[in-house]
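The next block holds one structure in the form of structure tokens; read it before the comments.
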Amino acid sequence: MALSLEDFLIRARVLKLYRHALRISKRAPSHARADLRRIIRQEMENNRNCNDKQRIRFLISDGLERVKRLDETLDMQGH
């Protein structure tokens, strides 16, 4: 099944968010890294079958904000 251009772009944004979150998780303390990656993956899996574009856009926006907060938290902790 071929994706429409809009679906393709949304998918690209989701994958970019996922990769970015995993990159940030590498900076977490070693004892928390595996759990953090598991949580990131679970969040993505929980919404894998969502087809509502408005909801997907909301989830991307929320995910970006959460990743930003994680990045800031790790910065404050010196990681």
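We label chains A, B, ... in the order they appear in the structure tokens, count residues from 1 in each chain, and number ligands from 1 in the order shown.
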- Can you list, as a VMD selection string, every residue of chain A that DSSP puts in alpha helix (DSSP H)? chain A and resid 5 to 25 30 to 46 53 to 76
- May I have the residues within 8 Å of Val67 in chain A as a list in words, using only C-alpha atoms and disregarding those fewer than 5 positions away in the same chain? His20, Ala21 and Ile24 of chain A
Excluding Glu43 in chain A and residues on its chain fewer than 2 positions from it, collect all residues at most 12 Å away from it, counting only C-alpha atoms, and give them as an mmCIF file with N, CA, C and O atoms, in the first residue's frame.
```
data_model
loop_
_atom_site.group_PDB
_atom_site.id
_atom_site.type_symbol
_atom_site.label_atom_id
_atom_site.label_comp_id
_atom_site.auth_asym_id
_atom_site.auth_seq_id
_atom_site.Cartn_x
_atom_site.Cartn_y
_atom_site.Cartn_z
ATOM 1 N N VAL A 14 7.631 11.168 12.734
ATOM 2 C CA VAL A 14 7.562 10.214 13.849
ATOM 3 C C VAL A 14 8.896 9.496 14.005
ATOM 4 O O VAL A 14 9.434 9.380 15.120
ATOM 5 N N LEU A 17 11.517 11.803 15.462
ATOM 6 C CA LEU A 17 11.304 11.962 16.899
ATOM 7 C C LEU A 17 11.832 10.740 17.653
ATOM 8 O O LEU A 17 12.522 10.885 18.667
ATOM 9 N N TYR A 18 11.526 9.556 17.163
ATOM 10 C CA TYR A 18 11.973 8.310 17.808
ATOM 11 C C TYR A 18 13.504 8.244 17.859
ATOM 12 O O TYR A 18 14.091 7.984 18.916
ATOM 13 N N ALA A 21 14.854 10.805 20.356
ATOM 14 C CA ALA A 21 14.651 10.356 21.736
ATOM 15 C C ALA A 21 15.673 9.290 22.117
ATOM 16 O O ALA A 21 16.233 9.324 23.225
ATOM 17 N N LEU A 36 14.758 3.627 30.179
ATOM 18 C CA LEU A 36 14.355 4.784 29.386
ATOM 19 C C LEU A 36 14.084 4.373 27.935
ATOM 20 O O LEU A 36 13.073 4.758 27.351
ATOM 21 N N ARG A 37 14.947 3.562 27.361
ATOM 22 C CA ARG A 37 14.729 3.074 25.989
ATOM 23 C C ARG A 37 13.463 2.228 25.896
ATOM 24 O O ARG A 37 12.721 2.315 24.925
ATOM 25 N N ARG A 38 13.217 1.419 26.919
ATOM 26 C CA ARG A 38 12.003 0.594 26.934
ATOM 27 C C ARG A 38 10.759 1.481 26.969
ATOM 28 O O ARG A 38 9.789 1.237 26.257
ATOM 29 N N ILE A 39 10.807 2.531 27.768
ATOM 30 C CA ILE A 39 9.669 3.449 27.864
ATOM 31 C C ILE A 39 9.452 4.169 26.533
ATOM 32 O O ILE A 39 8.309 4.301 26.072
ATOM 33 N N ILE A 40 10.521 4.619 25.911
ATOM 34 C CA ILE A 40 10.410 5.301 24.613
ATOM 35 C C ILE A 40 9.779 4.367 23.590
ATOM 36 O O ILE A 40 8.837 4.741 22.882
ATOM 37 N N ARG A 41 10.263 3.151 23.534
ATOM 38 C CA ARG A 41 9.714 2.192 22.573
ATOM 39 C C ARG A 41 8.244 1.889 22.867
ATOM 40 O O ARG A 41 7.416 1.817 21.953
ATOM 41 N N GLU A 45 4.997 2.200 20.474
ATOM 42 C CA GLU A 45 4.154 1.030 20.196
ATOM 43 C C GLU A 45 2.696 1.262 20.596
ATOM 44 O O GLU A 45 1.791 0.816 19.904
ATOM 45 N N ASN A 46 2.494 1.981 21.697
ATOM 46 C CA ASN A 46 1.122 2.248 22.158
ATOM 47 C C ASN A 46 0.304 3.000 21.115
ATOM 48 O O ASN A 46 -0.923 2.887 21.089
ATOM 49 N N ASN A 47 0.959 3.772 20.293
ATOM 50 C CA ASN A 47 0.262 4.603 19.312
ATOM 51 C C ASN A 47 0.526 4.177 17.875
ATOM 52 O O ASN A 47 0.220 4.914 16.946
ATOM 53 N N ARG A 48 1.077 3.007 17.707
ATOM 54 C CA ARG A 48 1.458 2.527 16.379
ATOM 55 C C ARG A 48 0.286 2.473 15.397
ATOM 56 O O ARG A 48 0.434 2.792 14.224
ATOM 57 N N ASN A 49 -0.880 2.091 15.854
ATOM 58 C CA ASN A 49 -2.025 1.907 14.960
ATOM 59 C C ASN A 49 -2.948 3.119 14.893
ATOM 60 O O ASN A 49 -4.046 3.023 14.346
ATOM 61 N N LEU A 59 0.471 13.998 19.192
ATOM 62 C CA LEU A 59 1.439 13.099 19.823
ATOM 63 C C LEU A 59 2.873 13.492 19.474
ATOM 64 O O LEU A 59 3.775 13.422 20.322
ATOM 65 N N ILE A 60 3.103 13.906 18.232
ATOM 66 C CA ILE A 60 4.442 14.354 17.833
ATOM 67 C C ILE A 60 4.821 15.597 18.633
ATOM 68 O O ILE A 60 5.935 15.688 19.173
ATOM 69 N N ASP A 62 3.642 16.617 21.530
ATOM 70 C CA ASP A 62 3.836 16.212 22.921
ATOM 71 C C ASP A 62 5.170 15.490 23.088
ATOM 72 O O ASP A 62 5.905 15.739 24.041
ATOM 73 N N GLY A 63 5.484 14.607 22.153
ATOM 74 C CA GLY A 63 6.750 13.874 22.211
ATOM 75 C C GLY A 63 7.954 14.796 22.122
ATOM 76 O O GLY A 63 8.938 14.627 22.851
ATOM 77 N N ARG A 66 8.360 16.472 25.442
ATOM 78 C CA ARG A 66 8.887 15.543 26.450
ATOM 79 C C ARG A 66 10.371 15.274 26.241
ATOM 80 O O ARG A 66 11.143 15.200 27.213
#
```
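Ranking A:Leu3, A:Ser25, A:Lys53, A:Leu15 by their shortest atom-to-atom distance to Lys68 in chain A, with only C-alpha atoms included, puts A:Ser25 first.
For the pair CA of Ala32 in chain A and CA of His79 in chain A, the separation is 12.1 Å.
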- Task: Write out as number ranges by chain which residues come within 12 Å of range 4-6 of chain A when counting only C-alpha atoms, dropping same-chain ones fewer than 6 positions away.
- Result: A: 12-13, 53-54, 56-57
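The space between CA of Asp35 in chain A and CA of Ser61 in chain A spans 22.6 Å.
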- Would you work out the distance separating CA of Met44 in chain A from CA of Asp75 in chain A, expressed in Å to one decimal?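 CA of Asp75 in chain A lies 24.1 Å from CA of Met44 in chain A.
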- Query: Which is closer to Ala28 in chain A than all the others in A:Glu65, A:Glu72, A:Ala2, A:Phe58, using only C-alpha atoms?
  - Reply: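 Among the listed residues, A:Glu72 lies closest to Ala28 in chain A.
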